[in-house]
>>> print(open('run.tsv').read())   # TSV, C-alpha atoms (C1' of nucleotides)
chain	number	residue	atom	x	y	z
A	1	MET	CA	-181.59	34.83	25.97
A	2	LEU	CA	-185.22	35.04	24.91
A	3	ASN	CA	-184.89	31.98	22.69
A	4	ILE	CA	-187.64	29.68	21.61
A	5	THR	CA	-187.11	25.94	22.09
A	6	ARG	CA	-186.34	23.31	19.50
A	7	LYS	CA	-189.72	21.79	20.20
A	8	VAL	CA	-191.47	24.95	19.07
A	9	GLU	CA	-189.11	25.30	16.15
A	10	TYR	CA	-189.83	21.74	15.01
A	11	ALA	CA	-193.54	22.31	15.44
A	12	LEU	CA	-193.44	25.38	13.23
A	13	ILE	CA	-191.42	23.58	10.58
A	14	ALA	CA	-193.89	20.70	10.62
A	15	LEU	CA	-196.92	22.97	10.36
A	16	ARG	CA	-195.44	24.95	7.54
A	17	HIS	CA	-194.53	21.76	5.72
A	18	MET	CA	-198.03	20.38	6.05
A	19	GLN	CA	-199.58	23.64	5.03
A	20	SER	CA	-197.50	23.79	1.90
A	21	LYS	CA	-199.33	20.64	0.85
A	22	ASN	CA	-202.56	22.59	0.88
A	23	ASP	CA	-204.03	20.48	3.64
A	24	ILE	CA	-204.27	17.57	1.27
A	25	GLY	CA	-203.27	14.12	2.47
A	26	LEU	CA	-201.26	13.06	5.48
A	27	THR	CA	-197.67	13.70	6.45
A	28	SER	CA	-195.70	11.30	8.62
A	29	ALA	CA	-193.18	12.33	11.24
A	30	LYS	CA	-190.67	10.28	9.30
A	31	GLU	CA	-191.13	12.34	6.15
A	32	ILE	CA	-190.63	15.67	7.93
A	33	ALA	CA	-187.71	14.41	10.02
A	34	ALA	CA	-185.92	13.21	6.93
A	35	GLN	CA	-186.52	16.33	4.89
A	36	TYR	CA	-185.37	18.82	7.51
A	37	GLY	CA	-182.82	16.72	9.38
A	38	ILE	CA	-184.77	16.65	12.61
A	39	PRO	CA	-184.70	13.88	15.25
A	40	LYS	CA	-187.73	11.82	14.35
A	41	GLN	CA	-188.79	10.74	17.83
A	42	LEU	CA	-188.69	14.23	19.20
A	43	LEU	CA	-190.64	15.57	16.27
A	44	ALA	CA	-193.16	12.75	16.71
A	45	LYS	CA	-193.71	13.70	20.34
A	46	THR	CA	-194.21	17.29	19.35
A	47	LEU	CA	-196.75	16.28	16.73
A	48	GLN	CA	-198.46	14.12	19.32
A	49	GLN	CA	-198.66	17.06	21.65
A	50	MET	CA	-200.14	19.20	18.90
A	51	SER	CA	-202.59	16.41	18.27
A	52	ARG	CA	-203.70	16.46	21.90
A	53	GLU	CA	-204.11	20.21	21.58
A	54	GLY	CA	-206.26	19.81	18.50
A	55	ILE	CA	-203.87	21.66	16.23
A	56	VAL	CA	-203.29	18.61	14.08
A	57	LYS	CA	-205.16	15.37	13.60
A	58	ALA	CA	-203.36	12.03	13.79
A	59	VAL	CA	-204.14	8.91	11.78
A	60	HIS	CA	-202.70	5.57	12.91
A	61	GLY	CA	-201.34	2.72	10.90
A	62	PRO	CA	-199.33	2.46	7.73
A	63	THR	CA	-200.15	5.28	5.34
A	64	GLY	CA	-201.05	7.18	8.51
A	65	GLY	CA	-199.67	10.52	9.59
A	66	TYR	CA	-200.80	13.99	10.54
A	67	LYS	CA	-202.75	16.79	8.98
A	68	ILE	CA	-203.60	20.27	10.14
A	69	ALA	CA	-206.86	20.23	12.04
A	70	ALA	CA	-207.27	23.77	13.36
A	71	ASN	CA	-207.76	27.10	11.68
A	72	LEU	CA	-204.30	28.56	12.06
A	73	LYS	CA	-205.64	32.05	11.56
A	74	LYS	CA	-207.45	31.73	14.84
A	75	ILE	CA	-204.49	30.60	16.94
A	76	SER	CA	-202.27	33.36	18.22
A	77	LEU	CA	-198.56	32.78	18.56
A	78	LYS	CA	-198.96	33.40	22.26
A	79	ASP	CA	-201.53	30.61	22.60
A	80	PHE	CA	-199.43	28.33	20.44
A	81	PHE	CA	-196.31	28.91	22.53
A	82	GLU	CA	-198.25	28.37	25.72
A	83	LYS	CA	-199.87	25.17	24.46
A	84	LEU	CA	-196.43	23.72	23.80
A	85	GLU	CA	-194.27	25.27	26.48
A	86	GLY	CA	-196.51	26.61	29.22
A	87	PRO	CA	-196.88	30.16	30.53
A	88	LEU	CA	-195.11	32.79	28.48
A	89	GLY	CA	-193.13	35.38	30.39
A	90	MET	CA	-189.66	36.75	30.78
A	91	MET	CA	-189.58	35.78	34.43
A	92	ASP	CA	-191.44	33.01	36.17
A	93	CYS	CA	-192.57	35.33	38.94
A	94	TYR	CA	-195.09	36.66	36.45
A	95	PHE	CA	-197.08	33.50	37.17
A	96	ASP	CA	-195.52	31.76	40.13
A	97	SER	CA	-195.87	34.43	42.75
A	98	GLU	CA	-193.87	31.94	44.79
A	99	CYS	CA	-190.64	33.88	44.66
A	100	VAL	CA	-189.14	34.03	48.12
A	101	GLN	CA	-187.67	37.42	47.35
A	102	ILE	CA	-191.00	38.87	46.38
A	103	SER	CA	-191.26	41.09	49.43
A	104	ASN	CA	-188.15	43.05	48.55
A	105	CYS	CA	-188.06	42.56	44.81
A	106	ASN	CA	-187.75	46.01	43.31
A	107	ILE	CA	-188.35	45.19	39.65
A	108	ARG	CA	-191.55	43.20	39.82
A	109	VAL	CA	-193.80	45.93	38.49
A	110	PRO	CA	-191.62	46.96	35.53
A	111	ILE	CA	-191.03	43.34	34.64
A	112	GLN	CA	-194.75	42.75	34.57
A	113	ARG	CA	-195.04	45.67	32.20
A	114	ILE	CA	-192.51	44.22	29.79
A	115	ASN	CA	-194.17	40.86	30.05
A	116	ASN	CA	-197.48	42.36	29.10
A	117	ASN	CA	-195.91	44.04	26.11
A	118	MET	CA	-194.40	40.77	24.99
A	119	ARG	CA	-197.60	38.84	25.48
A	120	ASP	CA	-199.51	41.49	23.58
A	121	MET	CA	-197.10	41.28	20.71
A	122	PHE	CA	-197.42	37.52	20.40
A	123	SER	CA	-201.17	37.74	20.87
A	124	GLN	CA	-201.40	39.86	17.78
A	125	MET	CA	-199.54	37.42	15.55
A	126	THR	CA	-201.23	34.28	14.29
A	127	LEU	CA	-199.80	30.87	13.50
A	128	GLN	CA	-201.01	31.37	9.95
A	129	GLU	CA	-198.60	34.27	9.50
A	130	ILE	CA	-195.70	31.97	10.28
A	131	THR	CA	-196.69	28.92	8.35
A	132	GLN	CA	-198.27	30.43	5.28
B	1	MET	CA	-189.30	29.77	27.05
B	2	LEU	CA	-188.41	33.36	26.21
B	3	ASN	CA	-186.96	33.97	29.65
B	4	ILE	CA	-184.40	36.54	30.60
B	5	THR	CA	-181.37	35.33	32.55
B	6	ARG	CA	-180.59	35.81	36.21
B	7	LYS	CA	-177.68	37.96	35.20
B	8	VAL	CA	-179.97	40.45	33.52
B	9	GLU	CA	-182.41	40.21	36.39
B	10	TYR	CA	-179.68	40.96	38.91
B	11	ALA	CA	-178.42	43.80	36.78
B	12	LEU	CA	-181.86	45.40	36.70
B	13	ILE	CA	-182.29	45.00	40.43
B	14	ALA	CA	-178.91	46.59	41.02
B	15	LEU	CA	-179.59	49.52	38.71
B	16	ARG	CA	-182.96	50.19	40.23
B	17	HIS	CA	-181.47	50.04	43.69
B	18	MET	CA	-178.75	52.50	42.81
B	19	GLN	CA	-181.17	54.79	41.08
B	20	SER	CA	-183.43	54.87	44.11
B	21	LYS	CA	-180.55	56.52	45.90
B	22	ASN	CA	-180.78	59.43	43.47
B	23	ASP	CA	-177.32	58.81	42.09
B	24	ILE	CA	-175.81	59.90	45.38
B	25	GLY	CA	-172.94	57.92	46.83
B	26	LEU	CA	-171.72	54.45	46.06
B	27	THR	CA	-173.32	51.06	46.46
B	28	SER	CA	-171.31	47.90	47.03
B	29	ALA	CA	-172.14	44.52	45.57
B	30	LYS	CA	-172.31	43.28	49.13
B	31	GLU	CA	-175.05	45.71	50.04
B	32	ILE	CA	-177.25	44.75	47.11
B	33	ALA	CA	-176.59	41.03	47.48
B	34	ALA	CA	-177.60	41.14	51.12
B	35	GLN	CA	-180.71	43.22	50.60
B	36	TYR	CA	-182.16	41.14	47.76
B	37	GLY	CA	-180.78	37.71	48.64
B	38	ILE	CA	-178.60	37.49	45.55
B	39	PRO	CA	-175.31	35.53	45.21
B	40	LYS	CA	-172.72	38.22	45.81
B	41	GLN	CA	-170.00	36.98	43.48
B	42	LEU	CA	-172.35	36.62	40.56
B	43	LEU	CA	-173.81	40.04	41.16
B	44	ALA	CA	-170.30	41.46	41.41
B	45	LYS	CA	-169.36	39.99	38.04
B	46	THR	CA	-172.48	41.46	36.53
B	47	LEU	CA	-171.66	44.87	37.95
B	48	GLN	CA	-168.13	44.51	36.61
B	49	GLN	CA	-169.51	43.76	33.19
B	50	MET	CA	-171.76	46.81	33.38
B	51	SER	CA	-168.71	48.78	34.41
B	52	ARG	CA	-166.83	47.65	31.31
B	53	GLU	CA	-169.86	48.67	29.27
B	54	GLY	CA	-169.87	52.11	30.84
B	55	ILE	CA	-173.28	51.70	32.41
B	56	VAL	CA	-171.91	52.02	35.91
B	57	LYS	CA	-168.69	53.38	37.34
B	58	ALA	CA	-166.64	51.35	39.80
B	59	VAL	CA	-164.59	52.68	42.69
B	60	HIS	CA	-162.00	50.43	44.32
B	61	GLY	CA	-161.04	50.06	47.94
B	62	PRO	CA	-162.97	50.16	51.18
B	63	THR	CA	-165.92	52.56	51.00
B	64	GLY	CA	-165.78	51.77	47.27
B	65	GLY	CA	-168.61	50.49	45.17
B	66	TYR	CA	-170.60	51.35	42.09
B	67	LYS	CA	-172.70	54.19	40.84
B	68	ILE	CA	-174.71	54.72	37.71
B	69	ALA	CA	-172.56	56.31	35.02
B	70	ALA	CA	-174.74	56.38	31.92
B	71	ASN	CA	-177.92	58.17	31.06
B	72	LEU	CA	-180.39	55.33	31.37
B	73	LYS	CA	-182.89	57.18	29.23
B	74	LYS	CA	-180.54	56.76	26.32
B	75	ILE	CA	-180.02	53.03	26.62
B	76	SER	CA	-182.68	50.85	25.04
B	77	LEU	CA	-183.60	47.58	26.62
B	78	LYS	CA	-182.45	45.88	23.44
B	79	ASP	CA	-178.98	47.41	23.73
B	80	PHE	CA	-178.86	46.61	27.42
B	81	PHE	CA	-179.79	42.97	26.85
B	82	GLU	CA	-177.25	42.67	24.07
B	83	LYS	CA	-174.49	44.28	26.13
B	84	LEU	CA	-175.00	41.65	28.81
B	85	GLU	CA	-176.08	38.58	26.88
B	86	GLY	CA	-175.16	39.07	23.26
B	87	PRO	CA	-177.35	39.08	20.17
B	88	LEU	CA	-181.06	39.14	20.89
B	89	GLY	CA	-183.21	36.80	18.86
B	90	MET	CA	-185.60	33.92	19.23
B	91	MET	CA	-183.36	31.67	17.19
B	92	ASP	CA	-179.62	31.81	16.75
B	93	CYS	CA	-179.91	31.50	12.98
B	94	TYR	CA	-180.93	35.13	13.00
B	95	PHE	CA	-177.26	35.93	13.45
B	96	ASP	CA	-175.27	32.75	12.96
B	97	SER	CA	-176.24	31.89	9.42
B	98	GLU	CA	-174.21	28.79	10.19
B	99	CYS	CA	-177.17	26.48	10.49
B	100	VAL	CA	-176.51	23.34	8.50
B	101	GLN	CA	-180.19	23.04	7.73
B	102	ILE	CA	-180.39	26.50	6.32
B	103	SER	CA	-180.84	25.32	2.76
B	104	ASN	CA	-184.08	23.56	3.49
B	105	CYS	CA	-185.25	25.48	6.50
B	106	ASN	CA	-188.78	26.54	5.76
B	107	ILE	CA	-189.38	28.97	8.61
B	108	ARG	CA	-186.37	31.23	8.34
B	109	VAL	CA	-188.19	34.18	6.84
B	110	PRO	CA	-191.14	34.24	9.24
B	111	ILE	CA	-188.80	33.76	12.19
B	112	GLN	CA	-186.79	36.77	11.05
B	113	ARG	CA	-190.02	38.73	10.99
B	114	ILE	CA	-190.86	37.83	14.57
B	115	ASN	CA	-187.33	38.59	15.62
B	116	ASN	CA	-187.56	42.02	14.10
B	117	ASN	CA	-190.80	42.65	15.94
B	118	MET	CA	-189.22	41.62	19.18
B	119	ARG	CA	-186.12	43.71	18.63
B	120	ASP	CA	-188.26	46.70	17.72
B	121	MET	CA	-190.25	46.31	20.90
B	122	PHE	CA	-187.19	46.24	23.10
B	123	SER	CA	-185.63	49.06	21.12
B	124	GLN	CA	-188.51	51.28	22.07
B	125	MET	CA	-188.18	50.69	25.80
B	126	THR	CA	-185.43	52.37	27.79
B	127	LEU	CA	-183.57	51.18	30.84
B	128	GLN	CA	-184.90	54.22	32.63
B	129	GLU	CA	-188.45	52.93	32.30
B	130	ILE	CA	-187.47	49.81	34.19
B	131	THR	CA	-185.37	51.28	36.90
B	132	GLN	CA	-187.14	54.54	37.62
C	1	DT	C1'	-150.07	47.56	57.56
C	2	DT	C1'	-154.65	45.99	57.50
C	3	DA	C1'	-159.20	45.59	56.04
C	4	DT	C1'	-162.34	45.82	52.43
C	5	DA	C1'	-163.74	46.71	47.88
C	6	DT	C1'	-163.43	45.72	42.81
C	7	DA	C1'	-161.44	42.51	38.75
C	8	DC	C1'	-161.53	38.34	36.51
C	9	DG	C1'	-160.22	33.73	34.69
C	10	DA	C1'	-161.11	29.01	35.84
C	11	DC	C1'	-163.89	25.73	37.59
C	12	DA	C1'	-168.08	23.30	39.63
C	13	DA	C1'	-172.86	22.55	40.41
C	14	DA	C1'	-177.44	22.65	39.00
C	15	DA	C1'	-181.07	23.06	35.89
C	16	DA	C1'	-183.12	22.99	31.54
C	17	DT	C1'	-183.11	21.37	27.09
C	18	DT	C1'	-182.66	17.96	23.73
C	19	DA	C1'	-182.57	13.28	22.32
C	20	DT	C1'	-183.26	8.28	22.77
C	21	DC	C1'	-185.29	3.82	24.39
C	22	DG	C1'	-188.68	0.50	25.08
C	23	DT	C1'	-193.17	-0.89	24.74
C	24	DA	C1'	-198.02	-0.53	23.47
C	25	DT	C1'	-201.69	0.21	20.16
C	26	DA	C1'	-203.94	1.03	15.66
C	27	DT	C1'	-204.57	-0.21	10.90
C	28	DA	C1'	-203.51	-0.98	5.88
C	29	DA	C1'	-201.79	-4.50	2.97
C	30	DT	C1'	-200.69	-9.13	1.94
D	1	DA	C1'	-204.15	-14.12	10.58
D	2	DT	C1'	-199.77	-12.08	9.89
D	3	DT	C1'	-196.78	-8.51	8.90
D	4	DA	C1'	-195.20	-4.00	8.33
D	5	DT	C1'	-195.56	0.63	9.50
D	6	DA	C1'	-197.50	4.45	11.77
D	7	DT	C1'	-198.87	6.92	16.08
D	8	DA	C1'	-198.71	7.15	21.64
D	9	DC	C1'	-196.15	7.95	25.51
D	10	DG	C1'	-193.68	7.25	29.97
D	11	DA	C1'	-188.98	6.72	31.42
D	12	DT	C1'	-184.40	7.67	30.97
D	13	DA	C1'	-180.00	9.37	29.07
D	14	DA	C1'	-177.07	12.80	27.00
D	15	DT	C1'	-176.02	17.37	26.20
D	16	DT	C1'	-176.01	22.16	26.74
D	17	DT	C1'	-176.88	26.22	29.14
D	18	DT	C1'	-177.32	28.58	33.13
D	19	DT	C1'	-176.03	29.60	37.58
D	20	DG	C1'	-172.87	29.80	41.24
D	21	DT	C1'	-168.20	29.39	43.53
D	22	DC	C1'	-163.08	29.58	44.11
D	23	DG	C1'	-158.70	31.55	44.08
D	24	DT	C1'	-155.87	35.20	43.26
D	25	DA	C1'	-154.69	39.92	41.99
D	26	DT	C1'	-155.17	44.86	42.49
D	27	DA	C1'	-156.73	49.32	44.41
D	28	DT	C1'	-157.40	52.34	48.27
D	29	DA	C1'	-159.27	54.21	52.77
D	30	DA	C1'	-158.26	54.03	57.54
>>> encode(input="run.tsv", output="structure tokens")
Amino acid sequence: MLNITRKVEYALIALRHMQSKNDIGLTSAKEIAAQYGIPKQLLAKTLQQMSREGIVKAVHGPTGGYKIAANLKKISLKDFFEKLEGPLGMMDCYFDSECVQISNCNIRVPIQRINNNMRDMFSQMTLQEITQ
Amino acid sequence: MLNITRKVEYALIALRHMQSKNDIGLTSAKEIAAQYGIPKQLLAKTLQQMSREGIVKAVHGPTGGYKIAANLKKISLKDFFEKLEGPLGMMDCYFDSECVQISNCNIRVPIQRINNNMRDMFSQMTLQEITQ
DNA sequence: TTATATACGACAAAAATTATCGTATATAAT
DNA sequence: ATTATATACGATAATTTTTGTCGTATATAA
């Protein structure tokens, strides 16, 4: 319960790996997959997604790869999680509001409160703190 | 990502429902299931688990049911979650230490830090705050 | 004795997650 | 030009987790 996904885990590993190179040069999905024993294709897709989100920059062709493109100090963990996995909450009703039970749900308000706490917490942590 | 389970959700609903009765009388799984549109058997199992954990007390037989047995002010949300769902962390490696990759995992330390933050947060909230 | 409630292991269904496949495109090197 | 290697990405498959059900046993009020 309350786990992050492999996708996010792989993304963090990749970012940290790239950052350890001091933003110099490119890193291929292959290199990271091999070093950390991660499925290459899945990692590649995750890097592609981060590329679309502007977190990394992709370079095609042989000798190509990825490099960090954003200022990780300016991306909160909350934003990062939501870029990769969508809305961040303990229960979907926080966003959906489509719950059939909503009329007699008796824990909606307290759940919202916890959600806000959690979102606050992850808003106050930056990607940089994880990958530095 | 970072969702709680239905089991925990149902447990919270049940506790809040029972508490709204001011700890007077018993409440059957059937009653709660009907009122909130919850699968009865699953709810029953959850109540049974809470009974084993001493959170509620069960009474057999017709006119039987459950009532709150513990002081909810003294049970943190972290303890509650862990009673129902086991160790609370964003990644299993926080507890397992059985991860094959552990030797070259580069995000273990920062992940532990986030985990600790999360556990602290839920340690500071009580069940009472949710169900009152 | 009957009806109704809890107790619980085993099993089944459904959903979400994780991983792979196939194909297309870009580009450096030969 | 051709080749080799990298990213791009939709579709699909495999796996795992979550969610729900079944069957049977036990307790107890009426």
>>> atom_distance(input="run.tsv", atom1="atom CA of B:Cys93", atom2="atom CA of A:Gly65")
29.0 Å
>>> atom_distance(input="run.tsv", atom1="atom C1' of C:DA12", atom2="atom CA of B:Thr46")
18.9 Å
>>> interface_residues(input="run.tsv", of="chain A", to="chain C", cutoff="8 Å", atoms="only C-alpha atoms (C1' of nucleotides)", output="JSON, numbers by chain")
{"A": [5, 6, 39, 41, 42, 60, 61, 62, 63]}
>>> atom_distance(input="run.tsv", atom1="atom CA of B:Arg16", atom2="atom CA of B:Gln132")
6.6 Å
>>> residues_around(input="run.tsv", residues="B:Lys83", least_positions_apart="4", cutoff="12 Å", atoms="all atoms listed in the file", output="PyMOL selection string")
(chain A and resi 1) or (chain B and resi 7-8+11+46+49-55+75-79+87-88)
>>> interface_residues(input="run.tsv", of="chain D", to="chain B", cutoff="10 Å", atoms="only C-alpha atoms (C1' of nucleotides)", output="list in words")
DT18, DT19, DG20, DT21, DT26, DA27, DT28, DA29 and DA30 of chain D
>>> closest_residue(input="run.tsv", among="A:Gln35, A:Gln48, A:Asn104, A:Thr27", to="A:Lys67", atoms="all atoms listed in the file")
A:Thr27
>>> interface_residues(input="run.tsv", of="chain B", to="chain A", cutoff="9 Å", atoms="all atoms listed in the file", output="count of residues only")
40
